[in-house]
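Undergrad: Mind having a look at this structure? Questions to follow.
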Amino acid sequence: MISARKSQIKCTFAAMKLITPVEIPPLAQPFGIRNRMAFIGSCFAEYIGTRMRQSGLAALVNPFGVLFNPQSILQVLTQDPTCRQLYFEDSDHRWHCWLLDSQFSASSLEACKSAFLSARGKLFSWSPDVLVITLGTNRYYERTDSKLIVGNCHKQPKAEFREKDMTLAQCVATLETVCQLFPRTRIIFTVSPYRYAKYGMHANQLAKATLLLAVQELQQKYPEQICYFPAYEIQLDELRDYRFYGPEMLHPSQQAIDYIWERFAEHYLDAETRRYLYDYEPIRKALAHRPDDPQSPAYLRFREQTQQQLSELMNKYHLEL
């Protein structure tokens, strides 16, 4: 009787579901190490794109810096970088572009324009096979004087801007225009798990819902080109615990990012690339190692061995360093 009871308990625990798994339909044509990828959008695009690049894959990550909403993404792809209206000089004689974040700021107007032109050229010359667009919110800001939609307010007075929400129809039209700029590129949309607490949690949910509905409409219209990866749903449902958020309880933690990236790789990358990632992982960790003494003979030998392993792996998969 006791043995039978133990067996019953084991079966009961084996049948328990401790998480709510999110179903991810596999891609009809997975991609991988033979493809060029680009990631644009919110900081979550940077997290996942950087993880791809750290794994030795051909990934261009946020060439324009972080962008949160569909309007800002469209602006950096279509506005003329030479237009004087896009730039301003602050009180410290530093030049900024209203469409880009501060990493593109410079000591002169021409340098600022050049940085924008370089970023635009980098993306379109990269000619990605796969473009991952991560959307954060439907909320955007425009200048009160010129009605220019900005990607970054550069800490200028709040009174100089008007805050607006994009409607569902505006989101669909804007994102459709973005997709039309890349007619031969497969486009994967994601919605960032970051929670915009400053808008209020209800407003945050409305913003996410608007983006989700817009992507769903586009996916139905262009099923061969567009798909949706449920990063937002994985964070909320599979990782339904504050352990998987950062200290401020708004950004996903590094553990959550790694988990979502693994789910992405599992369902969207081809078999060869998954084998490559398995082989590359110990090399990735070795390359990330930071020694106390980078000039020590032991570390120099370690680096040489790691480079040799990397070279052998590249030859195995017929890749270039």
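Starting from 1 in every chain, residues are counted up; chains themselves are A, B, ... following the order of the structure tokens, and ligands are numbered from 1 as listed.
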Output as an MDAnalysis selection string all residues of range 83-232 of chain A that backbone DSSP marks as helix (DSSP H, G or I).

TA: chainID A and resid 84:86 102:104 109:126 158:160 168:180 197:199 201:221 231:232

Undergrad: Given only C-alpha atoms, how would the per-residue table for range 123-171 of chain A near range 202-226 of chain A read, listing every residue at most 8 Å away with its closest atom pair and distance in Å to one decimal, sorted by chain and number, as CSV?

TA:
```
residue,atom,partner,partner_atom,distance
A:Leu135,CA,A:Leu211,CA,7.3
A:Gly136,CA,A:Lys208,CA,7.4
A:Thr137,CA,A:Ala207,CA,5.4
A:Asn138,CA,A:Ala207,CA,5.4
A:Arg139,CA,A:Ala207,CA,7.3
A:Thr167,CA,A:Thr210,CA,7.4
A:Leu168,CA,A:Thr210,CA,5.6
A:Ala169,CA,A:Ala214,CA,7.6
A:Cys171,CA,A:Ala214,CA,6.0
```

Undergrad: Report as a Markdown table: every residue of range 13-57 of chain A with an atom at most 9 Å from range 181-195 of chain A, its closest pair of atoms, and their distance in Å to one decimal, counting only C-alpha atoms, with rows sorted by chain and ascending residue number.

TA:
```
| residue | atom | partner | partner_atom | distance |
| --- | --- | --- | --- | --- |
| A:Ser42 | CA | A:Ser192 | CA | 7.0 |
| A:Cys43 | CA | A:Ser192 | CA | 8.0 |
| A:Phe44 | CA | A:Ser192 | CA | 5.8 |
| A:Ala45 | CA | A:Ser192 | CA | 7.9 |
```

Undergrad: Hey, what's within 9 Å of Leu109 in chain A if we count only C-alpha atoms and toss same-chain stuff fewer than 5 positions away? As a ChimeraX atom specification, please?

TA: /A:84,87-89,94-96,114

Undergrad: Just to be explicit: take each residue in the selection above, keep all heavy atoms, and write the result as a PDB file, in the first residue's frame.

TA:
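Okay, result-v4.pdb is ready:
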```
ATOM      1  N   ARG A  84      17.952  70.922 -41.726  1.00  0.00           N
ATOM      2  CA  ARG A  84      18.423  71.720 -40.578  1.00  0.00           C
ATOM      3  C   ARG A  84      17.456  71.655 -39.407  1.00  0.00           C
ATOM      4  O   ARG A  84      17.867  71.743 -38.243  1.00  0.00           O
ATOM      5  CB  ARG A  84      18.608  73.178 -41.036  1.00  0.00           C
ATOM      6  CG  ARG A  84      18.982  74.158 -39.937  1.00  0.00           C
ATOM      7  CD  ARG A  84      20.348  73.830 -39.327  1.00  0.00           C
ATOM      8  NE  ARG A  84      20.699  74.790 -38.293  1.00  0.00           N
ATOM      9  CZ  ARG A  84      20.243  74.749 -37.051  1.00  0.00           C
ATOM     10  NH1 ARG A  84      19.413  73.788 -36.684  1.00  0.00           N
ATOM     11  NH2 ARG A  84      20.621  75.661 -36.168  1.00  0.00           N
ATOM     12  N   TYR A  87      17.992  69.442 -36.096  1.00  0.00           N
ATOM     13  CA  TYR A  87      19.124  69.621 -35.191  1.00  0.00           C
ATOM     14  C   TYR A  87      18.982  70.897 -34.365  1.00  0.00           C
ATOM     15  O   TYR A  87      18.353  71.867 -34.795  1.00  0.00           O
ATOM     16  CB  TYR A  87      20.430  69.674 -35.991  1.00  0.00           C
ATOM     17  CG  TYR A  87      20.606  68.475 -36.897  1.00  0.00           C
ATOM     18  CD1 TYR A  87      20.140  68.507 -38.218  1.00  0.00           C
ATOM     19  CD2 TYR A  87      21.218  67.313 -36.445  1.00  0.00           C
ATOM     20  CE1 TYR A  87      20.284  67.404 -39.053  1.00  0.00           C
ATOM     21  CE2 TYR A  87      21.366  66.216 -37.274  1.00  0.00           C
ATOM     22  CZ  TYR A  87      20.899  66.268 -38.573  1.00  0.00           C
ATOM     23  OH  TYR A  87      21.033  65.169 -39.390  1.00  0.00           O
ATOM     24  N   PHE A  88      19.604  70.887 -33.198  1.00  0.00           N
ATOM     25  CA  PHE A  88      19.638  72.104 -32.390  1.00  0.00           C
ATOM     26  C   PHE A  88      20.931  72.128 -31.570  1.00  0.00           C
ATOM     27  O   PHE A  88      21.555  71.092 -31.315  1.00  0.00           O
ATOM     28  CB  PHE A  88      18.419  72.191 -31.465  1.00  0.00           C
ATOM     29  CG  PHE A  88      18.498  71.302 -30.249  1.00  0.00           C
ATOM     30  CD1 PHE A  88      18.891  71.804 -29.015  1.00  0.00           C
ATOM     31  CD2 PHE A  88      18.183  69.945 -30.342  1.00  0.00           C
ATOM     32  CE1 PHE A  88      18.966  70.986 -27.899  1.00  0.00           C
ATOM     33  CE2 PHE A  88      18.252  69.124 -29.232  1.00  0.00           C
ATOM     34  CZ  PHE A  88      18.649  69.642 -27.997  1.00  0.00           C
ATOM     35  N   GLU A  89      21.306  73.341 -31.186  1.00  0.00           N
ATOM     36  CA  GLU A  89      22.507  73.539 -30.372  1.00  0.00           C
ATOM     37  C   GLU A  89      22.080  73.904 -28.959  1.00  0.00           C
ATOM     38  O   GLU A  89      21.254  74.811 -28.765  1.00  0.00           O
ATOM     39  CB  GLU A  89      23.368  74.652 -30.970  1.00  0.00           C
ATOM     40  CG  GLU A  89      24.699  74.851 -30.263  1.00  0.00           C
ATOM     41  CD  GLU A  89      25.504  75.974 -30.889  1.00  0.00           C
ATOM     42  OE1 GLU A  89      24.927  76.802 -31.619  1.00  0.00           O
ATOM     43  OE2 GLU A  89      26.730  76.036 -30.634  1.00  0.00           O
ATOM     44  N   ARG A  94      26.661  72.223 -27.726  1.00  0.00           N
ATOM     45  CA  ARG A  94      26.671  70.842 -28.188  1.00  0.00           C
ATOM     46  C   ARG A  94      25.495  70.656 -29.127  1.00  0.00           C
ATOM     47  O   ARG A  94      24.378  71.097 -28.845  1.00  0.00           O
ATOM     48  CB  ARG A  94      26.532  69.902 -26.981  1.00  0.00           C
ATOM     49  CG  ARG A  94      26.679  68.431 -27.270  1.00  0.00           C
ATOM     50  CD  ARG A  94      28.096  68.006 -27.190  1.00  0.00           C
ATOM     51  NE  ARG A  94      28.237  66.566 -27.366  1.00  0.00           N
ATOM     52  CZ  ARG A  94      29.299  65.987 -27.855  1.00  0.00           C
ATOM     53  NH1 ARG A  94      30.349  66.727 -28.197  1.00  0.00           N
ATOM     54  NH2 ARG A  94      29.379  64.691 -27.979  1.00  0.00           N
ATOM     55  N   TRP A  95      25.717  69.970 -30.279  1.00  0.00           N
ATOM     56  CA  TRP A  95      24.658  69.780 -31.263  1.00  0.00           C
ATOM     57  C   TRP A  95      23.996  68.413 -31.083  1.00  0.00           C
ATOM     58  O   TRP A  95      24.668  67.415 -30.836  1.00  0.00           O
ATOM     59  CB  TRP A  95      25.228  69.913 -32.677  1.00  0.00           C
ATOM     60  CG  TRP A  95      25.495  71.334 -33.049  1.00  0.00           C
ATOM     61  CD1 TRP A  95      26.635  72.055 -32.834  1.00  0.00           C
ATOM     62  CD2 TRP A  95      24.579  72.234 -33.680  1.00  0.00           C
ATOM     63  NE1 TRP A  95      26.506  73.341 -33.293  1.00  0.00           N
ATOM     64  CE2 TRP A  95      25.255  73.481 -33.833  1.00  0.00           C
ATOM     65  CE3 TRP A  95      23.273  72.120 -34.154  1.00  0.00           C
ATOM     66  CZ2 TRP A  95      24.647  74.594 -34.412  1.00  0.00           C
ATOM     67  CZ3 TRP A  95      22.673  73.223 -34.738  1.00  0.00           C
ATOM     68  CH2 TRP A  95      23.346  74.440 -34.869  1.00  0.00           C
ATOM     69  N   HIS A  96      22.672  68.420 -31.221  1.00  0.00           N
ATOM     70  CA  HIS A  96      21.889  67.193 -31.050  1.00  0.00           C
ATOM     71  C   HIS A  96      20.909  67.035 -32.209  1.00  0.00           C
ATOM     72  O   HIS A  96      20.479  68.026 -32.819  1.00  0.00           O
ATOM     73  CB  HIS A  96      21.085  67.231 -29.738  1.00  0.00           C
ATOM     74  CG  HIS A  96      21.893  67.563 -28.537  1.00  0.00           C
ATOM     75  ND1 HIS A  96      22.569  66.623 -27.792  1.00  0.00           N
ATOM     76  CD2 HIS A  96      22.147  68.761 -27.928  1.00  0.00           C
ATOM     77  CE1 HIS A  96      23.191  67.206 -26.782  1.00  0.00           C
ATOM     78  NE2 HIS A  96      22.961  68.512 -26.852  1.00  0.00           N
ATOM     79  N   SER A 114      26.541  64.120 -40.058  1.00  0.00           N
ATOM     80  CA  SER A 114      27.346  63.013 -40.573  1.00  0.00           C
ATOM     81  C   SER A 114      27.062  61.726 -39.812  1.00  0.00           C
ATOM     82  O   SER A 114      27.002  60.641 -40.400  1.00  0.00           O
ATOM     83  CB  SER A 114      28.828  63.377 -40.474  1.00  0.00           C
ATOM     84  OG  SER A 114      29.636  62.315 -40.920  1.00  0.00           O
TER      85      SER A 114
END
```

Undergrad: Find the distance between CA of Pro128 in chain A and CA of Gln255 in chain A and write it in Å to one decimal.

TA: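 So the answer is 28.0 Å.
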
Undergrad: Can you list, as a ChimeraX atom specification, every protein, DNA or RNA residue that comes within 7 Å of Asp129 in chain A when you count only C-alpha atoms, leaving out same-chain residues fewer than 2 positions away?

TA: /A:35-37,127,131,185-186

Undergrad: Considering only C-alpha atoms, can you say which of A:Ile234, A:Ala111, A:Met314, A:Cys153 comes closest to Leu67 in chain A?

TA: A:Cys153

Undergrad: Within 10 Å of Glu163 in chain A, counting only C-alpha atoms, which residues qualify if same-chain residues fewer than 5 places away don't, as a ChimeraX atom specification?

TA: /A:139-144,149,158

Undergrad: Only N, CA, C and O atoms, please: the residues just picked out, written as a JSON list (two decimals), in the first residue's frame.

TA:
```json
[["chain", "number", "residue", "atom", "x", "y", "z"],
["A", 139, "ARG", "N", 3.08, 55.76, -27.51],
["A", 139, "ARG", "CA", 3.14, 57.16, -27.11],
["A", 139, "ARG", "C", 4.38, 57.82, -27.72],
["A", 139, "ARG", "O", 5.45, 57.24, -27.74],
["A", 140, "TYR", "N", 4.20, 59.06, -28.20],
["A", 140, "TYR", "CA", 5.33, 59.78, -28.79],
["A", 140, "TYR", "C", 5.25, 61.25, -28.41],
["A", 140, "TYR", "O", 4.26, 61.72, -27.84],
["A", 141, "TYR", "N", 6.32, 62.00, -28.74],
["A", 141, "TYR", "CA", 6.41, 63.42, -28.42],
["A", 141, "TYR", "C", 6.68, 64.21, -29.69],
["A", 141, "TYR", "O", 7.46, 63.78, -30.54],
["A", 142, "GLU", "N", 6.04, 65.38, -29.78],
["A", 142, "GLU", "CA", 6.31, 66.27, -30.91],
["A", 142, "GLU", "C", 6.61, 67.67, -30.40],
["A", 142, "GLU", "O", 6.16, 68.07, -29.32],
["A", 143, "ARG", "N", 7.40, 68.39, -31.17],
["A", 143, "ARG", "CA", 7.73, 69.77, -30.83],
["A", 143, "ARG", "C", 6.48, 70.64, -30.94],
["A", 143, "ARG", "O", 5.71, 70.53, -31.89],
["A", 144, "THR", "N", 6.28, 71.51, -29.95],
["A", 144, "THR", "CA", 5.10, 72.39, -30.00],
["A", 144, "THR", "C", 5.24, 73.45, -31.08],
["A", 144, "THR", "O", 4.24, 73.93, -31.62],
["A", 149, "ILE", "N", 8.08, 65.28, -34.90],
["A", 149, "ILE", "CA", 8.05, 64.14, -33.99],
["A", 149, "ILE", "C", 9.49, 63.80, -33.62],
["A", 149, "ILE", "O", 10.34, 63.60, -34.48],
["A", 158, "LYS", "N", 10.01, 70.57, -20.71],
["A", 158, "LYS", "CA", 8.81, 69.80, -21.03],
["A", 158, "LYS", "C", 7.81, 70.63, -21.83],
["A", 158, "LYS", "O", 7.08, 70.10, -22.68]]
```

Undergrad: Would you pick out the contacts of Leu123 in chain A at 10 Å or less, using only C-alpha atoms, so that residues sharing its chain but fewer than 3 positions from it are not included, and give the list as a list in words?

TA: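 Skipping anything fewer than 3 positions along the chain leaves Ala38, Phe39, Ile40, Leu60, Val61, Asn62, Pro63, Phe64, Leu77, Ser118, Ala119, Arg120, Trp126, Ser127 and Pro128 of chain A.
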
Undergrad: With N, CA and C atoms kept, could you save the residues just selected as an mmCIF file, in the first residue's frame?

TA:
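Contents of result.cif, as written:
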```cif
data_model
loop_
_atom_site.group_PDB
_atom_site.id
_atom_site.type_symbol
_atom_site.label_atom_id
_atom_site.label_comp_id
_atom_site.auth_asym_id
_atom_site.auth_seq_id
_atom_site.Cartn_x
_atom_site.Cartn_y
_atom_site.Cartn_z
ATOM 1 N N ALA A 38 19.177 42.412 -38.493
ATOM 2 C CA ALA A 38 19.220 43.759 -37.937
ATOM 3 C C ALA A 38 18.150 43.878 -36.867
ATOM 4 N N PHE A 39 18.467 44.614 -35.814
ATOM 5 C CA PHE A 39 17.541 44.821 -34.698
ATOM 6 C C PHE A 39 17.386 46.316 -34.484
ATOM 7 N N ILE A 40 16.152 46.803 -34.496
ATOM 8 C CA ILE A 40 15.909 48.213 -34.225
ATOM 9 C C ILE A 40 14.724 48.340 -33.274
ATOM 10 N N LEU A 60 23.290 43.497 -36.786
ATOM 11 C CA LEU A 60 23.427 44.950 -36.649
ATOM 12 C C LEU A 60 22.406 45.391 -35.604
ATOM 13 N N VAL A 61 22.869 46.041 -34.547
ATOM 14 C CA VAL A 61 22.003 46.313 -33.398
ATOM 15 C C VAL A 61 21.781 47.808 -33.207
ATOM 16 N N ASN A 62 20.521 48.219 -33.308
ATOM 17 C CA ASN A 62 20.100 49.599 -33.050
ATOM 18 C C ASN A 62 21.071 50.640 -33.600
ATOM 19 N N PRO A 63 21.237 50.696 -34.919
ATOM 20 C CA PRO A 63 22.170 51.669 -35.499
ATOM 21 C C PRO A 63 21.776 53.116 -35.221
ATOM 22 N N PHE A 64 20.501 53.368 -34.868
ATOM 23 C CA PHE A 64 20.041 54.725 -34.555
ATOM 24 C C PHE A 64 19.923 54.955 -33.052
ATOM 25 N N LEU A 77 14.031 56.465 -40.527
ATOM 26 C CA LEU A 77 14.185 55.746 -41.792
ATOM 27 C C LEU A 77 13.822 56.601 -43.005
ATOM 28 N N SER A 118 25.610 58.378 -41.506
ATOM 29 C CA SER A 118 26.356 57.135 -41.358
ATOM 30 C C SER A 118 25.467 56.020 -40.836
ATOM 31 N N ALA A 119 24.625 56.336 -39.841
ATOM 32 C CA ALA A 119 23.716 55.326 -39.270
ATOM 33 C C ALA A 119 22.706 54.853 -40.309
ATOM 34 N N ARG A 120 22.158 55.803 -41.076
ATOM 35 C CA ARG A 120 21.187 55.442 -42.132
ATOM 36 C C ARG A 120 21.854 54.546 -43.175
ATOM 37 N N TRP A 126 23.640 47.340 -45.052
ATOM 38 C CA TRP A 126 23.661 46.032 -44.409
ATOM 39 C C TRP A 126 22.703 45.082 -45.106
ATOM 40 N N SER A 127 21.610 45.644 -45.640
ATOM 41 C CA SER A 127 20.627 44.869 -46.407
ATOM 42 C C SER A 127 20.238 43.576 -45.687
ATOM 43 N N PRO A 128 19.590 43.709 -44.532
ATOM 44 C CA PRO A 128 19.325 42.528 -43.707
ATOM 45 C C PRO A 128 18.355 41.543 -44.365
#
```

Undergrad: Go through A:Gly32, A:His93, A:Ser102, A:Tyr232 one by one, measure the shortest atom-to-atom distance of each to Ser55 in chain A using only C-alpha atoms, and give the residue with the smallest value.

TA: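 Among A:Gly32, A:His93, A:Ser102, A:Tyr232, it is A:Gly32 that comes nearest to Ser55 in chain A.
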
Undergrad: Tell me which protein, DNA and RNA residues are within 10 Å of range 50-54 of chain A, counting only C-alpha atoms, leaving out same-chain ones fewer than 2 positions away, and put them as a PDB file with N, CA, C and O atoms, in the first residue's frame.

TA:
```pdb
ATOM      1  N   MET A  37      21.189  39.824 -39.928  1.00  0.00           N
ATOM      2  CA  MET A  37      20.068  40.268 -39.107  1.00  0.00           C
ATOM      3  C   MET A  37      20.276  41.704 -38.659  1.00  0.00           C
ATOM      4  O   MET A  37      21.407  42.148 -38.475  1.00  0.00           O
ATOM      5  N   PHE A  39      18.467  44.614 -35.814  1.00  0.00           N
ATOM      6  CA  PHE A  39      17.541  44.821 -34.698  1.00  0.00           C
ATOM      7  C   PHE A  39      17.386  46.316 -34.484  1.00  0.00           C
ATOM      8  O   PHE A  39      18.381  47.023 -34.317  1.00  0.00           O
ATOM      9  N   PHE A  44      14.938  46.638 -25.500  1.00  0.00           N
ATOM     10  CA  PHE A  44      14.856  45.182 -25.554  1.00  0.00           C
ATOM     11  C   PHE A  44      15.442  44.655 -26.866  1.00  0.00           C
ATOM     12  O   PHE A  44      16.045  43.582 -26.901  1.00  0.00           O
ATOM     13  N   ALA A  45      15.294  45.410 -27.947  1.00  0.00           N
ATOM     14  CA  ALA A  45      15.919  45.034 -29.220  1.00  0.00           C
ATOM     15  C   ALA A  45      17.433  44.991 -29.048  1.00  0.00           C
ATOM     16  O   ALA A  45      18.114  44.126 -29.611  1.00  0.00           O
ATOM     17  N   GLU A  46      17.941  45.928 -28.257  1.00  0.00           N
ATOM     18  CA  GLU A  46      19.386  45.974 -28.005  1.00  0.00           C
ATOM     19  C   GLU A  46      19.843  44.761 -27.200  1.00  0.00           C
ATOM     20  O   GLU A  46      20.889  44.181 -27.468  1.00  0.00           O
ATOM     21  N   TYR A  47      19.038  44.369 -26.204  1.00  0.00           N
ATOM     22  CA  TYR A  47      19.387  43.201 -25.395  1.00  0.00           C
ATOM     23  C   TYR A  47      19.509  41.947 -26.260  1.00  0.00           C
ATOM     24  O   TYR A  47      20.503  41.224 -26.212  1.00  0.00           O
ATOM     25  N   ILE A  48      18.472  41.685 -27.050  1.00  0.00           N
ATOM     26  CA  ILE A  48      18.431  40.452 -27.837  1.00  0.00           C
ATOM     27  C   ILE A  48      19.443  40.511 -28.987  1.00  0.00           C
ATOM     28  O   ILE A  48      20.139  39.541 -29.275  1.00  0.00           O
ATOM     29  N   GLY A  56      28.365  35.454 -32.009  1.00  0.00           N
ATOM     30  CA  GLY A  56      29.087  35.352 -33.268  1.00  0.00           C
ATOM     31  C   GLY A  56      28.225  35.418 -34.505  1.00  0.00           C
ATOM     32  O   GLY A  56      28.704  35.131 -35.604  1.00  0.00           O
ATOM     33  N   LEU A  57      26.960  35.818 -34.359  1.00  0.00           N
ATOM     34  CA  LEU A  57      26.075  35.909 -35.510  1.00  0.00           C
ATOM     35  C   LEU A  57      26.157  37.308 -36.130  1.00  0.00           C
ATOM     36  O   LEU A  57      26.537  38.275 -35.472  1.00  0.00           O
ATOM     37  N   ALA A  58      25.798  37.400 -37.410  1.00  0.00           N
ATOM     38  CA  ALA A  58      25.870  38.668 -38.138  1.00  0.00           C
ATOM     39  C   ALA A  58      24.662  39.521 -37.778  1.00  0.00           C
ATOM     40  O   ALA A  58      23.596  39.410 -38.385  1.00  0.00           O
ATOM     41  N   ALA A  59      24.823  40.369 -36.783  1.00  0.00           N
ATOM     42  CA  ALA A  59      23.700  41.166 -36.285  1.00  0.00           C
ATOM     43  C   ALA A  59      24.092  42.635 -36.175  1.00  0.00           C
ATOM     44  O   ALA A  59      25.100  42.974 -35.556  1.00  0.00           O
ATOM     45  N   LEU A  60      23.290  43.497 -36.786  1.00  0.00           N
ATOM     46  CA  LEU A  60      23.427  44.950 -36.649  1.00  0.00           C
ATOM     47  C   LEU A  60      22.406  45.391 -35.604  1.00  0.00           C
ATOM     48  O   LEU A  60      21.203  45.135 -35.766  1.00  0.00           O
ATOM     49  N   VAL A  61      22.869  46.041 -34.547  1.00  0.00           N
ATOM     50  CA  VAL A  61      22.003  46.313 -33.398  1.00  0.00           C
ATOM     51  C   VAL A  61      21.781  47.808 -33.207  1.00  0.00           C
ATOM     52  O   VAL A  61      22.734  48.571 -32.987  1.00  0.00           O
ATOM     53  N   ASN A  62      20.521  48.219 -33.308  1.00  0.00           N
ATOM     54  CA  ASN A  62      20.100  49.599 -33.050  1.00  0.00           C
ATOM     55  C   ASN A  62      21.071  50.640 -33.600  1.00  0.00           C
ATOM     56  O   ASN A  62      21.682  51.410 -32.836  1.00  0.00           O
ATOM     57  N   ILE A 257      16.117  37.956 -19.899  1.00  0.00           N
ATOM     58  CA  ILE A 257      16.564  38.227 -21.272  1.00  0.00           C
ATOM     59  C   ILE A 257      17.199  36.989 -21.880  1.00  0.00           C
ATOM     60  O   ILE A 257      16.914  36.625 -23.027  1.00  0.00           O
ATOM     61  N   ASP A 258      18.052  36.319 -21.104  1.00  0.00           N
ATOM     62  CA  ASP A 258      18.701  35.106 -21.602  1.00  0.00           C
ATOM     63  C   ASP A 258      17.667  34.022 -21.905  1.00  0.00           C
ATOM     64  O   ASP A 258      17.779  33.306 -22.914  1.00  0.00           O
ATOM     65  N   TRP A 261      15.785  34.976 -25.073  1.00  0.00           N
ATOM     66  CA  TRP A 261      16.667  34.761 -26.219  1.00  0.00           C
ATOM     67  C   TRP A 261      16.747  33.277 -26.574  1.00  0.00           C
ATOM     68  O   TRP A 261      16.725  32.907 -27.751  1.00  0.00           O
ATOM     69  N   GLU A 262      16.830  32.412 -25.574  1.00  0.00           N
ATOM     70  CA  GLU A 262      16.875  30.973 -25.830  1.00  0.00           C
ATOM     71  C   GLU A 262      15.595  30.488 -26.495  1.00  0.00           C
ATOM     72  O   GLU A 262      15.632  29.630 -27.385  1.00  0.00           O
ATOM     73  N   ALA A 265      15.837  31.584 -30.115  1.00  0.00           N
ATOM     74  CA  ALA A 265      16.769  30.738 -30.856  1.00  0.00           C
ATOM     75  C   ALA A 265      16.170  29.361 -31.123  1.00  0.00           C
ATOM     76  O   ALA A 265      16.311  28.804 -32.213  1.00  0.00           O
ATOM     77  N   LEU A 277      25.692  27.463 -32.152  1.00  0.00           N
ATOM     78  CA  LEU A 277      25.590  28.178 -30.878  1.00  0.00           C
ATOM     79  C   LEU A 277      26.052  27.302 -29.715  1.00  0.00           C
ATOM     80  O   LEU A 277      26.697  27.782 -28.776  1.00  0.00           O
ATOM     81  N   TYR A 280      29.736  27.267 -29.923  1.00  0.00           N
ATOM     82  CA  TYR A 280      30.328  28.592 -29.695  1.00  0.00           C
ATOM     83  C   TYR A 280      30.243  29.023 -28.235  1.00  0.00           C
ATOM     84  O   TYR A 280      31.049  29.843 -27.779  1.00  0.00           O
ATOM     85  N   GLU A 281      29.296  28.496 -27.467  1.00  0.00           N
ATOM     86  CA  GLU A 281      29.033  28.983 -26.113  1.00  0.00           C
ATOM     87  C   GLU A 281      30.272  29.003 -25.219  1.00  0.00           C
ATOM     88  O   GLU A 281      30.550  30.028 -24.564  1.00  0.00           O
ATOM     89  N   ARG A 284      32.387  31.877 -26.343  1.00  0.00           N
ATOM     90  CA  ARG A 284      31.780  33.159 -25.958  1.00  0.00           C
ATOM     91  C   ARG A 284      32.115  33.501 -24.509  1.00  0.00           C
ATOM     92  O   ARG A 284      32.488  34.633 -24.187  1.00  0.00           O
ATOM     93  N   LYS A 285      31.991  32.520 -23.632  1.00  0.00           N
ATOM     94  CA  LYS A 285      32.295  32.758 -22.219  1.00  0.00           C
ATOM     95  C   LYS A 285      33.777  33.061 -22.019  1.00  0.00           C
ATOM     96  O   LYS A 285      34.139  33.919 -21.204  1.00  0.00           O
ATOM     97  N   LEU A 287      35.801  34.467 -24.230  1.00  0.00           N
ATOM     98  CA  LEU A 287      36.071  35.804 -24.750  1.00  0.00           C
ATOM     99  C   LEU A 287      35.581  36.891 -23.799  1.00  0.00           C
ATOM    100  O   LEU A 287      36.115  38.001 -23.776  1.00  0.00           O
ATOM    101  N   ALA A 288      34.534  36.573 -23.032  1.00  0.00           N
ATOM    102  CA  ALA A 288      33.970  37.547 -22.095  1.00  0.00           C
ATOM    103  C   ALA A 288      34.758  37.615 -20.786  1.00  0.00           C
ATOM    104  O   ALA A 288      34.526  38.517 -19.971  1.00  0.00           O
TER     105      ALA A 288
END
```
